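model-v6.cif (mmCIF, C-alpha atoms) appears below.
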```
data_my_file
#
loop_
_atom_site.label_atom_id
_atom_site.label_comp_id
_atom_site.auth_asym_id
_atom_site.auth_seq_id
_atom_site.Cartn_x
_atom_site.Cartn_y
_atom_site.Cartn_z
CA MET A 159 -29.47 -66.78 61.55
CA ASP A 160 -27.67 -68.56 58.68
CA ARG A 161 -28.84 -72.11 58.06
CA TYR A 162 -26.74 -75.15 57.16
CA ALA A 163 -27.51 -78.85 57.14
CA VAL A 164 -26.23 -82.34 56.48
CA ILE A 165 -28.35 -84.48 54.19
CA GLY A 166 -28.21 -88.26 53.94
CA ASN A 167 -30.25 -91.44 54.26
CA PRO A 168 -29.98 -92.64 57.01
CA ILE A 169 -28.97 -89.52 58.92
CA ALA A 170 -29.99 -89.85 62.61
CA HIS A 171 -26.51 -91.14 63.53
CA SER A 172 -24.70 -88.10 62.09
CA LYS A 173 -22.32 -86.20 64.37
CA SER A 174 -22.14 -83.26 61.95
CA PRO A 175 -24.75 -81.10 63.78
CA TRP A 176 -22.83 -81.53 67.03
CA ILE A 177 -19.49 -80.72 65.37
CA HIS A 178 -20.66 -77.62 63.49
CA THR A 179 -22.56 -76.30 66.49
CA ALA A 180 -19.32 -76.60 68.47
CA PHE A 181 -17.40 -74.80 65.71
CA ALA A 182 -19.97 -72.00 65.63
CA ARG A 183 -19.89 -71.56 69.41
CA GLN A 184 -16.09 -71.49 69.41
CA THR A 185 -15.82 -68.91 66.60
CA GLY A 186 -18.79 -66.76 67.56
CA GLN A 187 -20.63 -67.47 64.31
CA ALA A 188 -24.42 -67.11 64.28
CA LEU A 189 -25.67 -70.18 62.46
CA ARG A 190 -28.03 -73.11 62.80
CA TYR A 191 -27.06 -76.56 61.55
CA GLU A 192 -29.51 -79.44 61.23
CA ALA A 193 -29.74 -83.00 59.93
CA LEU A 194 -32.09 -83.69 57.01
CA LEU A 195 -33.30 -87.11 55.94
CA GLY A 196 -33.15 -87.01 52.15
CA PRO A 197 -35.66 -89.08 50.18
CA LEU A 198 -33.84 -91.67 48.09
CA ASP A 199 -35.69 -90.43 45.02
CA GLY A 200 -35.74 -86.73 45.93
CA PHE A 201 -32.24 -85.49 46.72
CA ALA A 202 -32.13 -82.58 44.25
CA ALA A 203 -35.60 -81.38 45.24
CA SER A 204 -34.59 -81.44 48.93
CA VAL A 205 -31.45 -79.40 48.23
CA HIS A 206 -33.33 -76.83 46.18
CA ALA A 207 -36.05 -76.53 48.85
CA PHE A 208 -33.43 -75.95 51.55
CA ARG A 209 -31.65 -73.35 49.42
CA THR A 210 -34.91 -71.56 48.54
CA ALA A 211 -35.76 -71.38 52.25
CA GLY A 212 -32.54 -69.47 52.87
CA GLY A 213 -30.00 -72.25 53.41
CA ARG A 214 -26.38 -71.23 52.84
CA GLY A 215 -24.75 -74.63 52.46
CA MET A 216 -25.01 -78.36 53.04
CA ASN A 217 -22.88 -81.34 53.83
CA VAL A 218 -23.77 -84.47 51.87
CA THR A 219 -23.33 -88.03 53.05
CA VAL A 220 -24.30 -91.53 51.91
CA PRO A 221 -25.87 -92.21 49.46
CA PHE A 222 -26.00 -88.79 47.78
CA LYS A 223 -22.40 -87.76 47.06
CA LEU A 224 -22.60 -88.66 43.37
CA GLU A 225 -25.92 -86.84 42.98
CA ALA A 226 -24.40 -83.81 44.70
CA TYR A 227 -21.54 -83.89 42.19
CA ALA A 228 -24.05 -83.82 39.33
CA LEU A 229 -26.14 -81.08 40.95
CA ALA A 230 -23.29 -78.61 41.43
CA ASN A 231 -22.78 -76.19 38.54
CA ARG A 232 -19.22 -75.44 39.73
CA ARG A 233 -16.76 -77.78 41.44
CA THR A 234 -13.40 -77.43 43.15
CA PRO A 235 -10.42 -79.32 41.70
CA ARG A 236 -10.51 -81.79 44.59
CA ALA A 237 -14.20 -82.47 43.96
CA GLU A 238 -13.48 -83.03 40.27
CA ALA A 239 -10.69 -85.46 41.16
CA ALA A 240 -12.84 -87.31 43.70
CA GLY A 241 -15.81 -87.58 41.34
CA ALA A 242 -18.04 -86.95 44.35
CA VAL A 243 -19.17 -83.99 46.45
CA ASN A 244 -19.66 -83.86 50.22
CA THR A 245 -20.02 -80.08 50.61
CA LEU A 246 -22.34 -77.66 48.82
CA ALA A 247 -22.10 -73.88 49.07
CA PHE A 248 -24.93 -71.72 47.75
CA ASP A 249 -24.29 -68.29 46.25
CA PRO A 250 -25.80 -66.05 43.54
CA ALA A 251 -23.76 -67.91 40.88
CA GLY A 252 -25.40 -71.23 41.77
CA ILE A 253 -24.11 -74.26 43.67
CA LEU A 254 -20.43 -74.88 44.35
CA GLY A 255 -19.48 -78.51 45.03
CA ASP A 256 -16.43 -79.43 47.09
CA ASN A 257 -15.00 -82.62 48.55
CA THR A 258 -13.32 -82.11 51.91
CA ASP A 259 -12.79 -85.77 52.84
CA GLY A 260 -9.21 -86.14 51.59
CA ALA A 261 -8.11 -82.81 53.00
CA GLY A 262 -9.63 -83.84 56.33
CA LEU A 263 -7.67 -87.09 56.25
CA VAL A 264 -4.36 -85.35 55.52
CA ARG A 265 -4.94 -82.74 58.22
CA ASP A 266 -5.81 -85.42 60.78
CA LEU A 267 -2.65 -87.33 59.91
CA SER A 268 -0.48 -84.21 60.00
CA ALA A 269 -1.92 -82.04 62.77
CA ASN A 270 -3.46 -84.57 65.16
CA LEU A 271 -1.36 -87.70 64.70
CA GLY A 272 2.07 -86.30 63.86
CA CYS A 273 2.25 -88.44 60.73
CA ALA A 274 2.47 -85.98 57.81
CA PRO A 275 2.44 -88.01 54.58
CA ALA A 276 5.40 -86.16 53.03
CA GLY A 277 8.29 -88.52 52.31
CA ARG A 278 6.52 -91.62 53.65
CA ARG A 279 5.68 -94.92 52.01
CA ILE A 280 1.88 -95.17 52.07
CA LEU A 281 -0.37 -98.17 51.46
CA LEU A 282 -3.98 -97.27 50.66
CA LEU A 283 -6.39 -100.20 50.90
CA GLY A 284 -9.46 -100.21 48.66
CA ALA A 285 -10.40 -98.69 45.32
CA GLY A 286 -13.85 -97.26 46.01
CA GLY A 287 -15.14 -93.76 46.64
CA ALA A 288 -13.26 -93.28 49.92
CA THR A 289 -9.95 -94.03 48.21
CA ARG A 290 -10.72 -91.81 45.24
CA GLY A 291 -11.62 -88.93 47.56
CA ALA A 292 -8.34 -89.28 49.44
CA LEU A 293 -5.96 -89.64 46.52
CA LEU A 294 -5.45 -86.06 45.33
CA PRO A 295 -4.79 -84.56 48.80
CA LEU A 296 -2.48 -87.48 49.64
CA LEU A 297 -0.53 -87.07 46.39
CA ASP A 298 -0.37 -83.30 46.87
CA SER A 299 1.30 -83.91 50.25
CA ARG A 300 4.17 -85.61 48.36
CA PRO A 301 4.74 -89.03 49.92
CA ALA A 302 7.72 -91.02 48.68
CA ALA A 303 5.41 -93.77 47.42
CA LEU A 304 1.71 -94.51 47.37
CA ILE A 305 0.45 -98.01 46.61
CA ILE A 306 -3.25 -98.70 46.04
CA ALA A 307 -4.15 -102.30 46.91
CA ASN A 308 -7.53 -103.83 46.20
CA ARG A 309 -9.19 -107.23 45.96
CA THR A 310 -10.10 -106.45 42.32
CA VAL A 311 -6.73 -105.39 40.95
CA SER A 312 -8.14 -103.80 37.79
CA LYS A 313 -10.00 -101.21 39.86
CA ALA A 314 -6.84 -100.26 41.74
CA ARG A 315 -4.87 -99.96 38.51
CA ALA A 316 -7.58 -97.85 36.93
CA LEU A 317 -7.39 -95.40 39.84
CA ALA A 318 -3.60 -95.27 39.67
CA GLY A 319 -3.82 -94.51 35.97
CA LEU A 320 -6.43 -91.82 36.51
CA PHE A 321 -4.33 -90.03 39.14
CA ALA A 322 -0.92 -90.50 37.49
CA VAL A 323 -1.06 -86.92 36.21
CA HIS A 324 -1.06 -85.72 39.84
CA ALA A 325 1.79 -87.97 40.98
CA ALA A 326 4.89 -86.05 39.89
CA GLY A 327 7.73 -87.16 42.15
CA VAL A 328 5.58 -89.83 43.84
CA ALA A 329 6.00 -93.55 43.11
CA LEU A 330 2.32 -94.33 42.46
CA ASP A 331 1.40 -97.97 41.82
CA ALA A 332 -1.42 -100.49 42.27
CA CYS A 333 -1.64 -104.19 43.08
CA GLY A 334 -3.69 -106.95 44.67
CA PHE A 335 -3.49 -107.77 48.37
CA ASP A 336 -1.45 -110.91 47.68
CA GLU A 337 1.24 -108.88 45.91
CA LEU A 338 2.09 -106.96 49.08
CA ALA A 339 4.19 -109.74 50.63
CA GLY A 340 7.65 -108.45 51.46
CA GLU A 341 6.65 -104.76 51.24
CA ARG A 342 6.84 -102.43 54.24
CA PHE A 343 5.06 -99.14 54.78
CA ASP A 344 5.21 -96.16 57.14
CA LEU A 345 1.47 -95.55 56.89
CA VAL A 346 -1.30 -98.03 56.04
CA ILE A 347 -4.77 -96.54 55.48
CA ASN A 348 -7.84 -98.77 55.39
CA ALA A 349 -10.37 -97.19 53.02
CA THR A 350 -12.28 -100.44 52.41
CA ALA A 351 -15.74 -101.17 53.77
CA ALA A 352 -14.46 -104.24 55.62
CA SER A 353 -14.69 -102.67 59.09
CA LEU A 354 -18.39 -101.93 58.58
CA ALA A 355 -18.95 -105.69 58.49
CA GLY A 356 -16.42 -106.46 61.21
CA GLU A 357 -14.11 -108.00 58.63
CA LEU A 358 -10.47 -107.62 57.70
CA PRO A 359 -8.74 -107.08 54.34
CA PRO A 360 -6.66 -110.21 53.50
CA LEU A 361 -3.23 -108.68 54.14
CA PRO A 362 0.07 -110.56 54.34
CA PRO A 363 2.10 -110.21 57.56
CA GLY A 364 5.04 -107.86 57.99
CA LEU A 365 3.64 -104.76 56.29
CA TYR A 366 4.58 -102.26 58.98
CA ALA A 367 7.91 -100.43 58.98
CA GLU A 368 9.49 -99.21 62.21
CA GLY A 369 7.27 -96.58 63.82
CA ALA A 370 4.40 -97.19 61.37
CA LEU A 371 0.84 -95.93 61.80
CA ALA A 372 -2.24 -97.96 60.83
CA TYR A 373 -5.26 -95.76 60.09
CA ASP A 374 -8.84 -96.99 59.67
CA MET A 375 -11.30 -94.52 58.15
CA MET A 376 -14.06 -96.21 60.20
CA TYR A 377 -14.81 -94.56 63.56
CA GLY A 378 -17.02 -94.84 66.59
CA ARG A 379 -16.66 -98.61 67.07
CA GLY A 380 -13.58 -98.77 69.27
CA ASP A 381 -10.79 -100.91 67.88
CA THR A 382 -11.76 -102.35 64.49
CA PRO A 383 -10.49 -105.75 63.28
CA PHE A 384 -8.05 -103.85 61.07
CA MET A 385 -6.67 -101.87 64.00
CA ARG A 386 -6.29 -104.98 66.19
CA ALA A 387 -4.58 -106.92 63.38
CA ALA A 388 -2.26 -104.00 62.62
CA ARG A 389 -1.18 -103.73 66.24
CA ALA A 390 -0.49 -107.47 66.35
CA ASP A 391 1.50 -107.20 63.11
CA GLY A 392 3.84 -104.52 64.40
CA ALA A 393 2.13 -101.15 63.90
CA VAL A 394 3.41 -98.87 66.64
CA ARG A 395 0.25 -96.76 66.53
CA VAL A 396 -3.31 -97.23 65.33
CA ALA A 397 -6.02 -94.61 64.79
CA ASP A 398 -9.63 -94.53 63.68
CA GLY A 399 -11.22 -91.96 61.38
CA LEU A 400 -12.91 -89.73 63.96
CA GLY A 401 -10.27 -87.07 63.44
CA MET A 402 -10.90 -87.21 59.69
CA LEU A 403 -14.61 -86.63 60.35
CA VAL A 404 -13.89 -83.52 62.43
CA GLU A 405 -11.24 -82.18 60.06
CA GLN A 406 -13.37 -82.58 56.94
CA ALA A 407 -16.10 -80.70 58.80
CA ALA A 408 -13.59 -77.95 59.61
CA GLU A 409 -12.77 -77.71 55.89
CA SER A 410 -16.48 -77.27 55.10
CA PHE A 411 -16.90 -74.70 57.86
CA THR A 412 -13.91 -72.75 56.51
CA LEU A 413 -15.37 -72.76 53.00
CA TRP A 414 -18.71 -71.46 54.25
CA ARG A 415 -17.63 -68.95 56.90
CA GLY A 416 -14.16 -67.83 55.77
CA LEU A 417 -12.40 -68.76 59.00
CA ARG A 418 -10.96 -72.01 60.32
CA PRO A 419 -12.09 -73.33 63.70
CA ASP A 420 -9.68 -74.89 66.17
CA SER A 421 -10.54 -78.53 65.59
CA ALA A 422 -8.41 -80.09 68.37
CA PRO A 423 -10.69 -79.30 71.35
CA VAL A 424 -13.78 -80.25 69.34
CA LEU A 425 -12.21 -83.60 68.41
CA ALA A 426 -11.24 -84.24 72.04
CA ALA A 427 -14.76 -83.43 73.28
CA LEU A 428 -16.38 -85.61 70.60
CA ARG A 429 -14.06 -88.49 71.49
CA ARG A 430 -15.11 -88.22 75.14
CA LEU A 431 -18.76 -88.09 74.14
CA ILE A 432 -18.50 -91.22 71.99
CA ASP A 433 -16.43 -93.11 74.56
CA ALA A 434 -19.03 -92.34 77.23
CA SER A 435 -21.97 -93.50 75.10
#
```
How does the structure come out when it is put into structure tokens?
Amino acid sequence: MDRYAVIGNPIAHSKSPWIHTAFARQTGQALRYEALLGPLDGFAASVHAFRTAGGRGMNVTVPFKLEAYALANRRTPRAEAAGAVNTLAFDPAGILGDNTDGAGLVRDLSANLGCAPAGRRILLLGAGGATRGALLPLLDSRPAALIIANRTVSKARALAGLFAVHAAGVALDACGFDELAGERFDLVINATAASLAGELPPLPPGLYAEGALAYDMMYGRGDTPFMRAARADGAVRVADGLGMLVEQAAESFTLWRGLRPDSAPVLAALRRLIDAS
């Protein structure tokens, strides 16, 4: 039976084993997927040990995505753009590194939420790894405009400059939170860590255009402060990042197994499981 795993530290909270087991059952694939606690000073050794024991691939979560990027001897274009790797595939040529986070976000927006980015004005909050991982797939989906806003403006501008080569036909810009006053967006994505601490990015009022969606990459905590504030400020719909989690997993599964699972029933079942817990 083919072996896969997710590695991180901590890892006990991970839903990836549940998701991939559901995908395997649905598609009739014979595989075993486990969660591995990676030593903070022994990531590469853990990956090599898993591969040597017959492992076929791994998902990588906090805090090892940068180490996974360095470990891979080949990388997909989206992994190169993200500067981080969340999926490893093992083959005779070595270790392929991919980043499925941004593709999972775009697919969740498009397939599950009916909010395909094409032609929309998008505000992306934050300038860290989550934003960087999302930028190439978002730009490839051809929104009308994409604004990166961050507390430290220089970081947002640096990202905009780095991704300008991918932004043909997209109005790509960067600013501080205070510069957003008077702007309106069809889609606002919170990629900051604020929701982890129960906090809220310092956004001016009136950001949401008619029919707008507010999307928080955080999941599993019910309504976040960002989601509640967005609803109060006029967002017609709010969503958390659980769909992104399932869709990025589906991207990994597709890379490994060569077929795409039907993510919708798995997402619905996982939502019920989390809501009941």
Self-check item: Distance query 9 Å from (5.3, -90.2, 43.2) using all atoms listed in the file, result as a ChimeraX atom specification
Solution: /A:297,300-304,322,324-331
Quiz item: In Å to one decimal, how far is atom CA of A:Leu246 from atom CA of A:Asp199?
Solution: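 These two atoms are separated by 18.9 Å.
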Contacts of A:Thr412 within 12 Å, only C-alpha atoms, excl. fewer than 6 positions in-chain, as a PDB file with C-alpha atoms, keeping the file's coordinate frame:
```pdb
ATOM      1  CA  HIS A 178     -20.660 -77.620  63.490  1.00  0.00           C
ATOM      2  CA  PHE A 181     -17.400 -74.800  65.710  1.00  0.00           C
ATOM      3  CA  ALA A 182     -19.970 -72.000  65.630  1.00  0.00           C
ATOM      4  CA  THR A 185     -15.820 -68.910  66.600  1.00  0.00           C
ATOM      5  CA  GLN A 187     -20.630 -67.470  64.310  1.00  0.00           C
ATOM      6  CA  GLY A 215     -24.750 -74.630  52.460  1.00  0.00           C
ATOM      7  CA  THR A 245     -20.020 -80.080  50.610  1.00  0.00           C
ATOM      8  CA  ALA A 247     -22.100 -73.880  49.070  1.00  0.00           C
ATOM      9  CA  ASP A 256     -16.430 -79.430  47.090  1.00  0.00           C
ATOM     10  CA  THR A 258     -13.320 -82.110  51.910  1.00  0.00           C
ATOM     11  CA  GLY A 262      -9.630 -83.840  56.330  1.00  0.00           C
ATOM     12  CA  GLU A 405     -11.240 -82.180  60.060  1.00  0.00           C
ATOM     13  CA  GLN A 406     -13.370 -82.580  56.940  1.00  0.00           C
ATOM     14  CA  ARG A 418     -10.960 -72.010  60.320  1.00  0.00           C
ATOM     15  CA  PRO A 419     -12.090 -73.330  63.700  1.00  0.00           C
ATOM     16  CA  ASP A 420      -9.680 -74.890  66.170  1.00  0.00           C
ATOM     17  CA  SER A 421     -10.540 -78.530  65.590  1.00  0.00           C
TER      18      SER A 421
END
```
Quiz item: Given the choices A:Leu425, A:Ile432, A:Ala239, A:Ala372, which gets closest to A:His171 if the distance is worked out from all atoms listed in the file?
Solution: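 Looking at the shortest contact to A:His171, the residue is A:Ile432.
Taking all atoms listed in the file, the non-local environment of A:Glu238 within 9 Å (same-chain residues fewer than 2 positions away omitted) comprises Tyr227, Arg233, Thr234, Pro235, Arg236, Ala240, Gly241, Ala242, Val243, Gly255, Asp256 and Asn257 of chain A.
In this model, the gap between atom CA of A:Val346 and atom CA of A:Arg386 comes to 13.3 Å.
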